[in-house]
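Have a look at work-v9.txt; it's compact mmCIF, N, CA and C atoms:
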# COMPACT_ATOMS: atom_id res chain seq x y z
N MET A 531 122.40 163.80 88.05
CA MET A 531 121.79 162.83 87.16
C MET A 531 122.52 162.84 85.83
N ALA A 532 122.32 161.86 85.03
CA ALA A 532 123.02 161.70 83.76
C ALA A 532 122.49 162.65 82.71
N GLN A 533 123.38 163.05 81.83
CA GLN A 533 122.98 163.82 80.66
C GLN A 533 122.32 162.87 79.68
N PRO A 534 121.42 163.33 78.82
CA PRO A 534 120.78 162.43 77.85
C PRO A 534 121.81 161.69 77.01
N SER A 535 121.77 160.38 77.09
CA SER A 535 122.59 159.46 76.30
C SER A 535 124.08 159.51 76.58
N ASP A 536 124.51 160.15 77.66
CA ASP A 536 125.93 160.11 77.96
C ASP A 536 126.17 160.32 79.45
N ILE A 537 127.33 159.88 79.91
CA ILE A 537 127.76 160.03 81.29
C ILE A 537 129.07 160.79 81.27
N GLN A 538 129.23 161.78 82.12
CA GLN A 538 130.46 162.54 82.21
C GLN A 538 131.27 162.01 83.38
N SER A 539 132.49 161.57 83.15
CA SER A 539 133.35 161.12 84.24
C SER A 539 134.14 162.31 84.77
N SER A 540 134.90 162.09 85.82
CA SER A 540 135.68 163.18 86.41
C SER A 540 136.77 163.66 85.45
N ASP A 541 137.16 162.83 84.46
CA ASP A 541 138.17 163.22 83.48
C ASP A 541 137.54 163.97 82.31
N ARG A 542 136.26 164.25 82.36
CA ARG A 542 135.50 164.91 81.29
C ARG A 542 135.45 164.06 80.04
N LEU A 543 135.54 162.75 80.20
CA LEU A 543 135.43 161.81 79.09
C LEU A 543 133.96 161.42 78.96
N ALA A 544 133.35 161.78 77.86
CA ALA A 544 131.93 161.48 77.65
C ALA A 544 131.77 160.06 77.14
N ILE A 545 130.73 159.40 77.62
CA ILE A 545 130.40 158.05 77.16
C ILE A 545 129.03 158.12 76.52
N LYS A 546 128.97 157.74 75.26
CA LYS A 546 127.70 157.73 74.54
C LYS A 546 127.33 156.29 74.24
N MET A 547 126.14 155.90 74.65
CA MET A 547 125.68 154.54 74.40
C MET A 547 125.27 154.42 72.94
N LEU A 548 125.52 153.27 72.34
CA LEU A 548 125.21 153.04 70.94
C LEU A 548 124.04 152.08 70.77
N ASN A 549 123.40 152.16 69.62
CA ASN A 549 122.30 151.27 69.24
C ASN A 549 121.22 151.22 70.31
N ASP A 550 120.87 150.01 70.75
CA ASP A 550 119.80 149.85 71.74
C ASP A 550 120.36 149.56 73.14
N ARG A 551 121.61 149.94 73.39
CA ARG A 551 122.25 149.66 74.68
C ARG A 551 121.75 150.63 75.75
N LEU A 552 121.67 150.09 76.98
CA LEU A 552 121.27 150.87 78.14
C LEU A 552 122.37 150.80 79.19
N LEU A 553 122.64 151.89 79.84
CA LEU A 553 123.54 151.92 80.98
C LEU A 553 122.66 152.10 82.21
N VAL A 554 122.70 151.13 83.12
CA VAL A 554 121.81 151.17 84.27
C VAL A 554 122.60 151.10 85.56
N ASP A 555 122.00 151.65 86.60
CA ASP A 555 122.58 151.69 87.94
C ASP A 555 121.70 150.83 88.83
N ILE A 556 122.25 149.77 89.42
CA ILE A 556 121.47 148.90 90.29
C ILE A 556 121.12 149.67 91.55
N GLU A 557 119.85 149.59 91.94
CA GLU A 557 119.33 150.40 93.04
C GLU A 557 119.88 150.03 94.40
N GLN A 558 120.07 148.76 94.68
CA GLN A 558 120.58 148.37 95.99
C GLN A 558 121.68 147.34 95.83
N ALA A 559 122.58 147.36 96.77
CA ALA A 559 123.70 146.41 96.73
C ALA A 559 123.20 145.01 97.05
N ASP A 560 123.98 144.03 96.58
CA ASP A 560 123.65 142.65 96.88
C ASP A 560 124.02 142.37 98.33
N GLY A 561 123.06 142.53 99.20
CA GLY A 561 123.29 142.31 100.62
C GLY A 561 122.02 141.77 101.25
N ASP A 562 121.91 141.96 102.55
CA ASP A 562 120.72 141.52 103.25
C ASP A 562 119.51 142.30 102.75
N ARG A 563 118.33 141.63 102.70
CA ARG A 563 117.09 142.29 102.31
C ARG A 563 116.05 141.99 103.36
N LYS A 564 114.96 142.75 103.33
CA LYS A 564 113.84 142.51 104.22
C LYS A 564 112.63 142.15 103.40
N SER A 565 111.86 141.19 103.88
CA SER A 565 110.60 140.84 103.23
C SER A 565 109.57 141.89 103.59
N THR A 566 108.41 141.86 102.92
CA THR A 566 107.37 142.83 103.24
C THR A 566 106.85 142.64 104.66
N GLY A 567 107.01 141.46 105.22
CA GLY A 567 106.60 141.20 106.60
C GLY A 567 107.66 141.57 107.62
N GLY A 568 108.81 142.07 107.18
CA GLY A 568 109.86 142.51 108.09
C GLY A 568 110.90 141.46 108.42
N ILE A 569 110.85 140.30 107.76
CA ILE A 569 111.82 139.24 108.02
C ILE A 569 113.11 139.56 107.27
N LEU A 570 114.24 139.48 107.99
CA LEU A 570 115.55 139.75 107.40
C LEU A 570 116.01 138.52 106.62
N ILE A 571 116.31 138.70 105.32
CA ILE A 571 116.79 137.62 104.47
C ILE A 571 118.27 137.86 104.21
N PRO A 572 119.15 136.97 104.69
CA PRO A 572 120.59 137.20 104.54
C PRO A 572 121.03 137.11 103.08
N ALA A 573 122.14 137.76 102.77
CA ALA A 573 122.67 137.78 101.41
C ALA A 573 123.07 136.39 100.95
N THR A 574 123.34 135.50 101.89
CA THR A 574 123.76 134.15 101.53
C THR A 574 122.60 133.25 101.15
N ALA A 575 121.36 133.70 101.37
CA ALA A 575 120.20 132.90 101.00
C ALA A 575 120.14 132.79 99.49
N GLN A 576 120.01 131.58 99.00
CA GLN A 576 120.00 131.33 97.56
C GLN A 576 118.60 131.54 97.00
N VAL A 577 118.46 132.45 96.06
CA VAL A 577 117.19 132.69 95.38
C VAL A 577 117.44 132.46 93.90
N GLU A 578 116.82 131.44 93.35
CA GLU A 578 117.06 131.12 91.95
C GLU A 578 116.21 131.97 91.03
N LYS A 579 116.79 132.38 89.93
CA LYS A 579 116.09 133.11 88.87
C LYS A 579 115.41 134.38 89.37
N ARG A 580 116.03 135.09 90.28
CA ARG A 580 115.47 136.34 90.80
C ARG A 580 115.88 137.47 89.87
N LEU A 581 114.92 138.24 89.38
CA LEU A 581 115.19 139.38 88.52
C LEU A 581 115.56 140.60 89.38
N THR A 582 116.23 141.56 88.77
CA THR A 582 116.75 142.73 89.49
C THR A 582 116.23 144.02 88.87
N TRP A 583 115.94 145.02 89.71
CA TRP A 583 115.54 146.35 89.24
C TRP A 583 116.76 147.26 89.18
N ALA A 584 116.77 148.16 88.19
CA ALA A 584 117.84 149.15 88.05
C ALA A 584 117.26 150.40 87.41
N VAL A 585 117.98 151.51 87.52
CA VAL A 585 117.56 152.79 86.95
C VAL A 585 118.41 153.09 85.71
N VAL A 586 117.77 153.50 84.63
CA VAL A 586 118.46 153.83 83.38
C VAL A 586 119.12 155.21 83.53
N VAL A 587 120.45 155.27 83.35
CA VAL A 587 121.17 156.54 83.45
C VAL A 587 121.67 157.03 82.08
N ALA A 588 121.70 156.15 81.08
CA ALA A 588 122.07 156.54 79.72
C ALA A 588 121.51 155.49 78.77
N LEU A 589 121.20 155.92 77.55
CA LEU A 589 120.66 154.98 76.56
C LEU A 589 121.08 155.37 75.17
N GLY A 590 121.12 154.37 74.31
CA GLY A 590 121.49 154.57 72.92
C GLY A 590 120.33 155.15 72.11
N PRO A 591 120.62 155.64 70.90
CA PRO A 591 119.60 156.30 70.09
C PRO A 591 118.52 155.35 69.55
N ASN A 592 118.75 154.06 69.54
CA ASN A 592 117.77 153.12 69.01
C ASN A 592 116.91 152.46 70.09
N ALA A 593 117.02 152.90 71.34
CA ALA A 593 116.14 152.39 72.40
C ALA A 593 114.77 153.01 72.17
N ARG A 594 113.73 152.17 72.03
CA ARG A 594 112.42 152.66 71.63
C ARG A 594 111.43 152.81 72.77
N SER A 595 111.46 151.91 73.74
CA SER A 595 110.42 151.88 74.78
C SER A 595 110.89 152.37 76.13
N ILE A 596 112.13 152.77 76.23
CA ILE A 596 112.72 153.12 77.52
C ILE A 596 113.28 154.54 77.45
N GLU A 597 113.14 155.27 78.57
CA GLU A 597 113.65 156.63 78.67
C GLU A 597 114.56 156.75 79.88
N LEU A 598 115.33 157.84 79.94
CA LEU A 598 116.19 158.09 81.09
C LEU A 598 115.36 158.15 82.36
N GLY A 599 115.86 157.56 83.42
CA GLY A 599 115.18 157.59 84.71
C GLY A 599 114.18 156.46 84.91
N ASP A 600 113.86 155.70 83.87
CA ASP A 600 112.94 154.57 84.02
C ASP A 600 113.59 153.48 84.87
N ARG A 601 112.77 152.76 85.61
CA ARG A 601 113.24 151.57 86.33
C ARG A 601 112.99 150.37 85.42
N VAL A 602 114.00 149.53 85.26
CA VAL A 602 113.88 148.37 84.38
C VAL A 602 114.16 147.09 85.16
N LEU A 603 113.46 146.03 84.77
CA LEU A 603 113.61 144.72 85.40
C LEU A 603 114.36 143.81 84.44
N PHE A 604 115.44 143.19 84.91
CA PHE A 604 116.26 142.35 84.04
C PHE A 604 116.83 141.17 84.81
N ASN A 605 117.31 140.19 84.07
CA ASN A 605 117.95 139.02 84.66
C ASN A 605 119.41 139.37 84.94
N PRO A 606 119.86 139.29 86.19
CA PRO A 606 121.25 139.67 86.49
C PRO A 606 122.29 138.78 85.84
N GLU A 607 121.90 137.62 85.31
CA GLU A 607 122.86 136.76 84.61
C GLU A 607 123.14 137.26 83.20
N ASP A 608 122.24 138.10 82.63
CA ASP A 608 122.39 138.62 81.27
C ASP A 608 122.94 140.04 81.30
N ARG A 609 124.06 140.25 81.95
CA ARG A 609 124.55 141.61 82.10
C ARG A 609 126.05 141.69 81.87
N TYR A 610 126.49 142.90 81.56
CA TYR A 610 127.91 143.22 81.44
C TYR A 610 128.18 144.37 82.39
N GLU A 611 129.17 144.22 83.25
CA GLU A 611 129.49 145.25 84.23
C GLU A 611 130.60 146.13 83.69
N VAL A 612 130.51 147.43 84.03
CA VAL A 612 131.52 148.38 83.63
C VAL A 612 131.72 149.39 84.76
N GLU A 613 132.94 149.88 84.90
CA GLU A 613 133.23 150.88 85.92
C GLU A 613 133.48 152.21 85.24
N VAL A 614 132.78 153.24 85.68
CA VAL A 614 132.94 154.59 85.16
C VAL A 614 133.20 155.50 86.35
N SER A 615 134.37 156.12 86.39
CA SER A 615 134.75 157.03 87.48
C SER A 615 134.62 156.37 88.84
N GLY A 616 135.02 155.11 88.95
CA GLY A 616 135.00 154.42 90.22
C GLY A 616 133.64 153.90 90.65
N ARG A 617 132.64 154.02 89.79
CA ARG A 617 131.28 153.55 90.11
C ARG A 617 130.89 152.46 89.12
N ASP A 618 130.26 151.40 89.63
CA ASP A 618 129.89 150.27 88.79
C ASP A 618 128.51 150.47 88.17
N TYR A 619 128.42 150.17 86.88
CA TYR A 619 127.17 150.23 86.13
C TYR A 619 127.00 148.91 85.37
N ILE A 620 125.82 148.70 84.83
CA ILE A 620 125.52 147.52 84.05
C ILE A 620 125.12 147.97 82.64
N ILE A 621 125.59 147.25 81.62
CA ILE A 621 125.18 147.51 80.24
C ILE A 621 124.24 146.40 79.82
N LEU A 622 123.08 146.79 79.31
CA LEU A 622 122.07 145.85 78.84
C LEU A 622 121.65 146.20 77.43
N ARG A 623 121.06 145.26 76.74
CA ARG A 623 120.35 145.54 75.49
C ARG A 623 118.89 145.75 75.84
N GLU A 624 118.19 146.53 75.05
CA GLU A 624 116.79 146.77 75.33
C GLU A 624 116.00 145.47 75.31
N ARG A 625 116.36 144.54 74.47
CA ARG A 625 115.63 143.27 74.40
C ARG A 625 115.83 142.40 75.63
N ASP A 626 116.85 142.69 76.46
CA ASP A 626 117.08 141.93 77.69
C ASP A 626 116.25 142.44 78.87
N VAL A 627 115.52 143.53 78.67
CA VAL A 627 114.69 144.11 79.72
C VAL A 627 113.33 143.41 79.71
N HIS A 628 112.89 142.95 80.89
CA HIS A 628 111.62 142.23 81.01
C HIS A 628 110.45 143.16 81.30
N ALA A 629 110.69 144.28 81.98
CA ALA A 629 109.61 145.20 82.32
C ALA A 629 110.18 146.59 82.55
N VAL A 630 109.32 147.60 82.38
CA VAL A 630 109.69 148.99 82.61
C VAL A 630 108.69 149.58 83.59
N ALA A 631 109.18 150.28 84.60
CA ALA A 631 108.31 150.96 85.56
C ALA A 631 108.60 152.46 85.49
N ALA A 632 107.58 153.24 85.15
CA ALA A 632 107.73 154.69 85.07
C ALA A 632 106.37 155.33 85.27
N SER A 633 106.36 156.52 85.84
CA SER A 633 105.09 157.21 86.09
C SER A 633 104.42 157.65 84.79
N ARG A 634 105.17 157.74 83.72
CA ARG A 634 104.60 158.17 82.44
C ARG A 634 103.77 157.09 81.75
N LEU A 635 103.89 155.84 82.22
CA LEU A 635 103.18 154.74 81.58
C LEU A 635 101.71 154.74 81.98
N ASP A 636 100.85 154.43 81.04
CA ASP A 636 99.41 154.38 81.26
C ASP A 636 99.04 153.05 81.93
N ASP A 637 98.25 153.11 83.01
CA ASP A 637 97.87 151.89 83.74
C ASP A 637 96.98 150.96 82.93
N SER A 638 96.22 151.49 81.98
CA SER A 638 95.32 150.64 81.21
C SER A 638 96.03 149.87 80.10
N HIS A 639 97.28 150.17 79.87
CA HIS A 639 98.06 149.53 78.81
C HIS A 639 98.90 148.40 79.41
N THR A 640 98.87 147.23 78.82
CA THR A 640 99.59 146.08 79.35
C THR A 640 101.06 146.09 78.98
N GLY A 641 101.43 146.81 77.93
CA GLY A 641 102.81 146.80 77.48
C GLY A 641 103.14 145.66 76.56
N LEU A 642 102.17 144.82 76.28
CA LEU A 642 102.41 143.68 75.40
C LEU A 642 102.27 144.09 73.94
N TYR A 643 103.09 143.51 73.10
CA TYR A 643 102.96 143.74 71.67
C TYR A 643 101.98 142.74 71.13
N LEU A 644 100.83 143.19 70.67
CA LEU A 644 99.81 142.29 70.15
C LEU A 644 99.64 142.48 68.66

Using structure tokens, write down the structure that the file contains.
Amino acid sequence: MAQPSDIQSSDRLAIKMLNDRLLVDIEQADGDRKSTGGILIPATAQVEKRLTWAVVVALGPNARSIELGDRVLFNPEDRYEVEVSGRDYIILRERDVHAVAASRLDDSHTGLYL
């Protein structure tokens, strides 16, 4: 797993995220999926405006609502891809995250800023 706020590559080059940036790892490849009813949906099926889940592996010091290991929901069109040690990651801003899923979150709290 990632060290807090940095990723170590095989060259021992540390990467530290700045400001409110998040480095996330997409959980599944863009391929065939199954519906909850067991129907196979091919990768070529067009789904408009579908959001994507990813796991946070590093974060900048100004990220306020997100921690390492949280699952975040984001729009795949609002992303920047980067390769670290032959593995692809996504860089997001905290404001581009639509939802956070983590066991530490209280169920009675909506997460809305009121």

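Interatomic distance, atom CA of Asp600 of chain A to atom C of Asn549 of chain A: 16.4 Å.
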
>> Here is a test: counting only N, CA and C atoms, which residue of A:Gly599, A:Leu589, A:Ala629, A:Leu581 is nearest to Leu553 of chain A?
In response: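 That would be A:Leu589, the residue with the smallest distance to Leu553 of chain A.
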
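Among A:Val554, A:Leu570, A:Asn592, A:Ile545, the residue with the shortest atom-to-atom distance to Leu622 of chain A, counting only N, CA and C atoms, is A:Val554.
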
>> Between atom CA of Ala632 of chain A and atom N of Lys546 of chain A, what distance in Å does the model show, to one decimal?
In response: 23.6 Å

>> Can you measure atom CA of Pro572 of chain A to atom CA of Val587 of chain A for me? One decimal in Å is fine.
In response: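 Computing the Euclidean distance for atom CA of Pro572 of chain A and atom CA of Val587 of chain A yields 28.6 Å.
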
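Here the question is which of A:Val586, A:Val612, A:Leu552, A:Ser565 gets nearest to Arg625 of chain A using only C-alpha atoms, and that residue is A:Leu552.
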
> Can you tell me, as a ChimeraX atom specification, what residues are no more than 12 Å from Tyr610 of chain A when counting only C-alpha atoms, ignoring any on the same chain fewer than 2 positions away?
Replying inline: /A:551-555,604-608,612-613,618-623,626
